[in-house]
Each structure stands twice: as structure tokens, then as C-alpha cells.
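Student: Contents are PDB, C-alpha atoms; file name query.pdb:
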ATOM      1  CA  MET T  18       8.709 -12.409 -25.753
ATOM      2  CA  PRO T  19      12.045 -12.924 -23.962
ATOM      3  CA  ARG T  20      12.040 -14.558 -20.530
ATOM      4  CA  VAL T  21      13.143 -12.372 -17.659
ATOM      5  CA  SER T  22      15.589 -13.870 -15.177
ATOM      6  CA  GLU T  23      14.665 -14.403 -11.531
ATOM      7  CA  ASP T  24      17.486 -12.020 -10.578
ATOM      8  CA  HIS T  25      15.985  -9.308 -12.780
ATOM      9  CA  LEU T  26      12.531  -9.846 -11.264
ATOM     10  CA  ALA T  27      13.964  -9.723  -7.734
ATOM     11  CA  ALA T  28      15.879  -6.523  -8.537
ATOM     12  CA  ARG T  29      12.758  -4.937 -10.018
ATOM     13  CA  ARG T  30      10.709  -5.918  -6.972
ATOM     14  CA  ARG T  31      13.377  -4.418  -4.698
ATOM     15  CA  GLN T  32      13.375  -1.208  -6.788
ATOM     16  CA  ILE T  33       9.606  -0.971  -6.371
ATOM     17  CA  LEU T  34       9.727  -1.548  -2.612
ATOM     18  CA  ASP T  35      12.555   0.928  -2.071
ATOM     19  CA  GLY T  36      10.785   3.579  -4.135
ATOM     20  CA  ALA T  37       7.460   2.936  -2.424
ATOM     21  CA  ARG T  38       9.130   3.274   0.985
ATOM     22  CA  ARG T  39      10.442   6.726  -0.055
ATOM     23  CA  CYS T  40       7.073   7.739  -1.494
ATOM     24  CA  PHE T  41       5.108   6.713   1.611
ATOM     25  CA  ALA T  42       7.674   8.503   3.789
ATOM     26  CA  GLU T  43       7.409  11.712   1.788
ATOM     27  CA  TYR T  44       3.672  11.855   1.092
ATOM     28  CA  GLY T  45       2.039   9.600   3.675
ATOM     29  CA  TYR T  46      -0.212   6.693   2.828
ATOM     30  CA  ASP T  47      -3.202   8.568   1.435
ATOM     31  CA  LYS T  48      -1.223  11.063  -0.656
ATOM     32  CA  ALA T  49       1.107   8.421  -2.078
ATOM     33  CA  THR T  50      -1.033   8.194  -5.184
ATOM     34  CA  VAL T  51      -0.344   5.784  -8.015
ATOM     35  CA  ARG T  52       1.042   8.693 -10.051
ATOM     36  CA  ARG T  53       3.418   9.631  -7.226
ATOM     37  CA  LEU T  54       4.432   6.008  -6.804
ATOM     38  CA  GLU T  55       5.226   5.865 -10.528
ATOM     39  CA  GLN T  56       7.309   9.057 -10.333
ATOM     40  CA  THR T  57       9.209   8.047  -7.199
ATOM     41  CA  ILE T  58       9.842   4.473  -8.295
ATOM     42  CA  GLY T  59      10.565   5.398 -11.901
ATOM     43  CA  LEU T  60       8.339   2.693 -13.366
ATOM     44  CA  SER T  61       4.898   2.561 -14.918
ATOM     45  CA  ARG T  62       1.851   1.439 -12.973
ATOM     46  CA  GLY T  63       1.807  -1.699 -15.091
ATOM     47  CA  ALA T  64       5.335  -2.589 -13.986
ATOM     48  CA  ILE T  65       4.550  -1.798 -10.355
ATOM     49  CA  PHE T  66       1.270  -3.665 -10.234
ATOM     50  CA  HIS T  67       2.693  -6.622 -12.101
ATOM     51  CA  HIS T  68       4.518  -7.336  -8.830
ATOM     52  CA  PHE T  69       1.890  -6.072  -6.379
ATOM     53  CA  ARG T  70      -1.880  -6.373  -6.707
ATOM     54  CA  ASP T  71      -2.579  -2.836  -5.440
ATOM     55  CA  LYS T  72      -1.290  -0.041  -3.229
ATOM     56  CA  ASP T  73      -2.370  -1.867  -0.060
ATOM     57  CA  SER T  74      -0.432  -5.018  -0.959
ATOM     58  CA  LEU T  75       2.642  -2.895  -1.738
ATOM     59  CA  PHE T  76       2.280  -1.132   1.606
ATOM     60  CA  PHE T  77       1.713  -4.415   3.444
ATOM     61  CA  GLU T  78       4.838  -5.914   1.896
ATOM     62  CA  LEU T  79       6.849  -3.043   3.369
ATOM     63  CA  ALA T  80       5.148  -3.678   6.703
ATOM     64  CA  ARG T  81       5.908  -7.408   6.429
ATOM     65  CA  GLU T  82       9.584  -6.789   5.684
ATOM     66  CA  ASP T  83       9.951  -4.393   8.584
ATOM     67  CA  ALA T  84       7.956  -6.597  10.957
ATOM     68  CA  GLU T  85      10.156  -9.565  10.063
ATOM     69  CA  ARG T  86      13.361  -7.599  10.608
ATOM     70  CA  MET T  87      12.044  -6.026  13.809
ATOM     71  CA  ALA T  88      10.764  -9.387  15.115
ATOM     72  CA  ASP T  89      14.203 -10.887  14.640
ATOM     73  CA  VAL T  90      15.801  -8.107  16.684
ATOM     74  CA  ALA T  91      12.999  -8.165  19.297
ATOM     75  CA  SER T  92      13.399 -11.905  19.736
ATOM     76  CA  ARG T  93      17.163 -11.684  20.272
ATOM     77  CA  GLU T  94      17.553  -8.319  21.996
ATOM     78  CA  GLY T  95      14.121  -6.931  22.888
ATOM     79  CA  LEU T  96      11.736  -4.282  21.624
ATOM     80  CA  ILE T  97      13.784  -1.479  23.149
ATOM     81  CA  GLN T  98      16.666  -2.503  20.872
ATOM     82  CA  VAL T  99      14.292  -2.250  17.910
ATOM     83  CA  MET T 100      13.622   1.321  18.992
ATOM     84  CA  ARG T 101      17.353   2.005  19.393
ATOM     85  CA  ASP T 102      17.866   0.727  15.848
ATOM     86  CA  MET T 103      15.242   3.195  14.677
ATOM     87  CA  LEU T 104      17.183   6.025  16.311
ATOM     88  CA  ALA T 105      20.441   4.801  14.775
ATOM     89  CA  ALA T 106      19.022   4.610  11.243
ATOM     90  CA  PRO T 107      15.774   6.615  11.088
ATOM     91  CA  ASP T 108      15.884   6.753   7.287
ATOM     92  CA  GLN T 109      15.228   2.992   7.194
ATOM     93  CA  PHE T 110      12.015   3.473   9.159
ATOM     94  CA  ASP T 111      10.820   6.869   7.917
ATOM     95  CA  TRP T 112       7.868   5.391   6.061
ATOM     96  CA  LEU T 113       6.470   4.378   9.464
ATOM     97  CA  ALA T 114       5.550   8.023   9.948
ATOM     98  CA  THR T 115       2.386   6.942   8.174
ATOM     99  CA  ARG T 116       1.311   5.258  11.442
ATOM    100  CA  LEU T 117      -1.091   8.084  12.240
ATOM    101  CA  GLU T 118      -2.830   7.497   8.924
ATOM    102  CA  ILE T 119      -2.676   3.782   9.578
ATOM    103  CA  ALA T 120      -4.440   4.244  12.929
ATOM    104  CA  ARG T 121      -7.312   6.030  11.163
ATOM    105  CA  LYS T 122      -7.546   3.325   8.507
ATOM    106  CA  LEU T 123      -7.450   0.620  11.163
ATOM    107  CA  ARG T 124     -10.551   2.115  12.770
ATOM    108  CA  ASN T 125     -12.457   2.618   9.524
ATOM    109  CA  ASP T 126     -11.358  -0.088   7.084
ATOM    110  CA  PRO T 127     -11.865  -3.718   8.196
ATOM    111  CA  VAL T 128      -9.930  -5.179   5.244
ATOM    112  CA  PHE T 129      -6.961  -2.920   5.915
ATOM    113  CA  HIS T 130      -7.215  -3.775   9.631
ATOM    114  CA  GLN T 131      -6.980  -7.495   8.876
ATOM    115  CA  GLY T 132      -3.985  -7.039   6.575
ATOM    116  CA  TRP T 133      -2.158  -4.870   9.107
ATOM    117  CA  ALA T 134      -2.887  -7.296  11.954
ATOM    118  CA  GLU T 135      -1.385 -10.156   9.962
ATOM    119  CA  ARG T 136       1.815  -8.155   9.388
ATOM    120  CA  SER T 137       2.053  -7.027  13.019
ATOM    121  CA  ALA T 138       1.553 -10.476  14.550
ATOM    122  CA  GLU T 139       5.170 -11.581  14.050
ATOM    123  CA  LEU T 140       6.640  -8.628  15.943
ATOM    124  CA  SER T 141       4.056  -8.993  18.697
ATOM    125  CA  ALA T 142       4.781 -12.720  19.079
ATOM    126  CA  ALA T 143       8.541 -12.121  19.189
ATOM    127  CA  THR T 144       8.103  -9.423  21.832
ATOM    128  CA  THR T 145       5.797 -11.624  23.923
ATOM    129  CA  ASP T 146       8.299 -14.475  23.795
ATOM    130  CA  ARG T 147      11.255 -12.223  24.643
ATOM    131  CA  LEU T 148       9.412 -10.683  27.605
ATOM    132  CA  ARG T 149       8.464 -14.153  28.871
ATOM    133  CA  ARG T 150      12.084 -15.342  28.674
ATOM    134  CA  GLN T 151      13.382 -12.180  30.342
ATOM    135  CA  LYS T 152      10.824 -12.527  33.157
ATOM    136  CA  GLN T 153      11.787 -16.171  33.690
ATOM    137  CA  ALA T 154      15.434 -15.134  33.911
ATOM    138  CA  GLY T 155      14.550 -12.562  36.585
ATOM    139  CA  ARG T 156      15.562  -9.559  34.477
ATOM    140  CA  LEU T 157      12.154  -7.878  34.277
ATOM    141  CA  ARG T 158       9.841  -6.502  36.902
ATOM    142  CA  ASP T 159       7.667  -9.187  38.409
ATOM    143  CA  ASP T 160       5.073  -6.784  39.801
ATOM    144  CA  VAL T 161       3.665  -5.977  36.327
ATOM    145  CA  PRO T 162       1.955  -8.568  34.094
ATOM    146  CA  GLY T 163       3.720  -9.353  30.802
ATOM    147  CA  ASP T 164       0.819  -8.132  28.678
ATOM    148  CA  VAL T 165       0.917  -4.756  30.452
ATOM    149  CA  LEU T 166       4.683  -4.472  29.860
ATOM    150  CA  GLN T 167       4.147  -5.313  26.212
ATOM    151  CA  CYS T 168       1.397  -2.719  25.836
ATOM    152  CA  TYR T 169       3.656  -0.156  27.527
ATOM    153  CA  LEU T 170       6.505  -0.897  25.100
ATOM    154  CA  ASP T 171       4.111  -0.791  22.127
ATOM    155  CA  LEU T 172       2.922   2.643  23.254
ATOM    156  CA  VAL T 173       6.521   3.826  23.559
ATOM    157  CA  LEU T 174       7.230   2.480  20.064
ATOM    158  CA  ASP T 175       4.256   4.372  18.638
ATOM    159  CA  GLY T 176       5.377   7.551  20.386
ATOM    160  CA  LEU T 177       8.943   7.104  19.183
ATOM    161  CA  VAL T 178       7.783   6.740  15.599
ATOM    162  CA  ALA T 179       5.643   9.869  15.916
ATOM    163  CA  ARG T 180       8.539  11.848  17.397
ATOM    164  CA  LEU T 181      10.987  10.661  14.734
ATOM    165  CA  ALA T 182       8.465  11.641  12.071
ATOM    166  CA  SER T 183       8.244  15.142  13.527
ATOM    167  CA  GLY T 184      12.035  15.579  13.536
ATOM    168  CA  GLU T 185      12.689  15.154  17.272
ATOM    169  CA  ASP T 186      16.319  15.200  18.426
ATOM    170  CA  VAL T 187      17.651  11.627  18.359
ATOM    171  CA  LYS T 188      19.978  12.191  21.351
ATOM    172  CA  ARG T 189      17.078  13.153  23.582
ATOM    173  CA  LEU T 190      15.034  10.173  22.410
ATOM    174  CA  SER T 191      17.949   7.878  23.198
ATOM    175  CA  GLY T 192      17.868   9.148  26.797
ATOM    176  CA  VAL T 193      14.144   8.450  26.930
ATOM    177  CA  LEU T 194      14.788   4.856  25.830
ATOM    178  CA  ASP T 195      17.343   4.509  28.645
ATOM    179  CA  LEU T 196      14.606   5.573  31.058
ATOM    180  CA  VAL T 197      12.096   3.155  29.519
ATOM    181  CA  GLU T 198      14.578   0.300  29.730
ATOM    182  CA  ALA T 199      15.301   1.062  33.393
ATOM    183  CA  SER T 200      11.561   1.184  34.127
ATOM    184  CA  VAL T 201      10.957  -2.404  32.970
ATOM    185  CA  ARG T 202      14.040  -3.968  34.550
ATOM    186  CA  GLN T 203      13.974  -5.847  37.847
ATOM    187  CA  ARG T 204      14.812  -3.465  40.682
TER
END
Would it be possible to restate this file's structure as C-alpha cells?
Tutor:
Amino acid sequence: MPRVSEDHLAARRRQILDGARRCFAEYGYDKATVRRLEQTIGLSRGAIFHHFRDKDSLFFELAREDAERMADVASREGLIQVMRDMLAAPDQFDWLATRLEIARKLRNDPVFHQGWAERSAELSAATTDRLRRQKQAGRLRDDVPGDVLQCYLDLVLDGLVARLASGEDVKRLSGVLDLVEASVRQR
């Protein structure tokens, strides 16, 4: 059997992730069946699950990639910038519309909950650190504890994702983010 190059394996893995992202965006988590994943990705289940143990690990890899990218932006520019990036390129985040399904699974599936928590920790840590630095620099309100500000921004993020998923006007959402940003700044 011929050996497959690392570049080929990386390209195949990327093909799987990109296709899975489209499939989850179109069908949601629960309805993104293995058959639909095969059709959207254009590969057999054997090829897909050679790279990923199961549907959850495929989904969690997408979450890990996005959390890593979002954590980098949150660390440098804040969580509101992450949300602005979502408005600028919603197609890169459309699979996050599955968050409503994720919330249900988080309540009812302890294994899924653990996997999701591990993927979300990086973004949360980056946001916590950024808020701490901004508070120390006197740029954020000092009358609200950091953990409350972070929860507020997380709630806004969840709402933004839900609104994007429902087709909300991006211009209007951008104005909402301006309001959110003003509400956390030092007065």
C-alpha cells in the first residue's frame, strides 16, 4: 500500500473540517447525520472517521479551531471584536447556529458537556485576561466586577450568534455592538 504524504493527509483533514462546518451549518448538529456528512464532504465514512473518531470529535475539532482563533482575537482586541468579526464574515461562523442544540446537549449529555467545556476554556481565559488588563488600564467600568462583565459579554455573544443564525440585518447588529462596547467602557 502506498504511503500518503503529510500534505495529503492535512489537505484531506481540512476538506473534512470544511465540509463538516457546512453540514452542521445547514442541518444543525442532530440532523447532520453521517450520511449527510458523507454527501457534504464528498468522502466515505471510512475516510472521514479515519481522521476523527466520531461525529462529536469532528464537531469538537471545529469548536477547538474557532475557540483558538477567537481567543487570539479576544486576547489582543477583546470579545466585542470577536463579535464584530462574526458580523464581517458570518459565513465563517455559520455552524455556530447549532448553539441552541448545543445548549440542550450540554444540559443532558455529561460527556458532551465535558468536551465542550474543554474547547470553550481557551476563549474564556483569553477574555478574562483581556478584561483584567483593560480594567487595570482604566478603560473598563470599575463599578462592575470582571466576572459579571464577562458573563454579560458571553450573553451578548450567544444572542449575536442566534440573531445571525436567524438572518438578522448585520448593520443593525453592528449598532448593537457599539452600544454594548459603550456600556462596558469607563465613563
Student: Return as JSON, numbers by chain the set of residues that the PyMOL selection byres ((chain T and resi 93-105) around 9) yields on the displayed structure.
Tutor: {"T": [87, 88, 89, 90, 91, 92, 106, 107, 108, 109, 110, 111, 140, 143, 144, 147, 148, 167, 170, 171, 173, 174, 177, 178, 181, 187, 188, 190, 191, 194, 195, 197, 198]}
Student: Can you measure atom CA of T:His67 to atom CA of T:Glu23 for me? One decimal in Å is fine.
Tutor: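 Distance between the two atoms: 14.3 Å.
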Student: Could you check which of T:Trp133, T:Val21, T:Arg124, T:Asp73 is closest to T:Asp47, using all atoms listed in the file?
Tutor: T:Asp73
Student: Evaluate the PyMOL selection byres ((chain T and resi 40) around 9) here and jot the selected residues down as a list in words.
Tutor: Asp35, Gly36, Ala37, Arg38, Arg39, Phe41, Ala42, Glu43, Tyr44, Gly45, Tyr46, Lys48, Ala49, Thr50, Arg53, Leu54, Gln56, Thr57, Ile58 and Trp112 of chain T
Student: Quick check, in Å to one decimal: how far apart do atom CA of T:Gly192 and atom CA of T:Arg158 lie?
Tutor: 20.3 Å
Student: What does the distance from atom CA of T:Gln151 to atom CA of T:Arg189 come to in Å, to one decimal?
Tutor: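 Those two atoms sit 26.5 Å apart.
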Student: With distances taken over all atoms listed in the file, which residue among T:Val51, T:Arg136, T:Asn125, T:Arg30 lies nearest T:Phe77?
Tutor: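 Selected residue with least distance to T:Phe77: T:Arg136.
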Student: With 8 Å on each side, where is the centre of the axis-aligned box around all listed atoms of stretch 144-148 of chain T, and how long are its edges in Å to one decimal, as JSON?
Tutor:
{"center_x": 8.5, "center_y": -11.9, "center_z": 24.7, "size_x": 21.5, "size_y": 21.1, "size_z": 21.8}
Student: Taking into account all atoms listed in the file, which residue in the set T:Lys122, T:Val161, T:Ile33, T:Val193 is nearest to T:Arg62?
Tutor: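 Nearest candidate to T:Arg62 out of T:Lys122, T:Val161, T:Ile33, T:Val193: T:Ile33.
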Student: Could you tell me which of T:Asp160, T:Gly176, T:Ser183, T:Asp24 comes closest to T:Arg204 if we count only C-alpha atoms?
Tutor: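 Between T:Asp160, T:Gly176, T:Ser183, T:Asp24, the residue approaching T:Arg204 most closely is T:Asp160.
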Student: Identify which of the residues T:Glu139, T:Glu55, T:Asp146, T:Asp83 lies closest to T:Gln32, counting only C-alpha atoms when measuring atom-to-atom distances.
Tutor: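 Distance minimum relative to T:Gln32 lands on T:Glu55.
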Student: Would you list the contacts of T:Gly155 as a PyMOL selection string, taking every protein, DNA or RNA residue within 9 Å and counting all atoms listed in the file, but skipping same-chain residues closer than 4 positions in sequence?
Tutor: chain T and resi 150-151+159+202-203
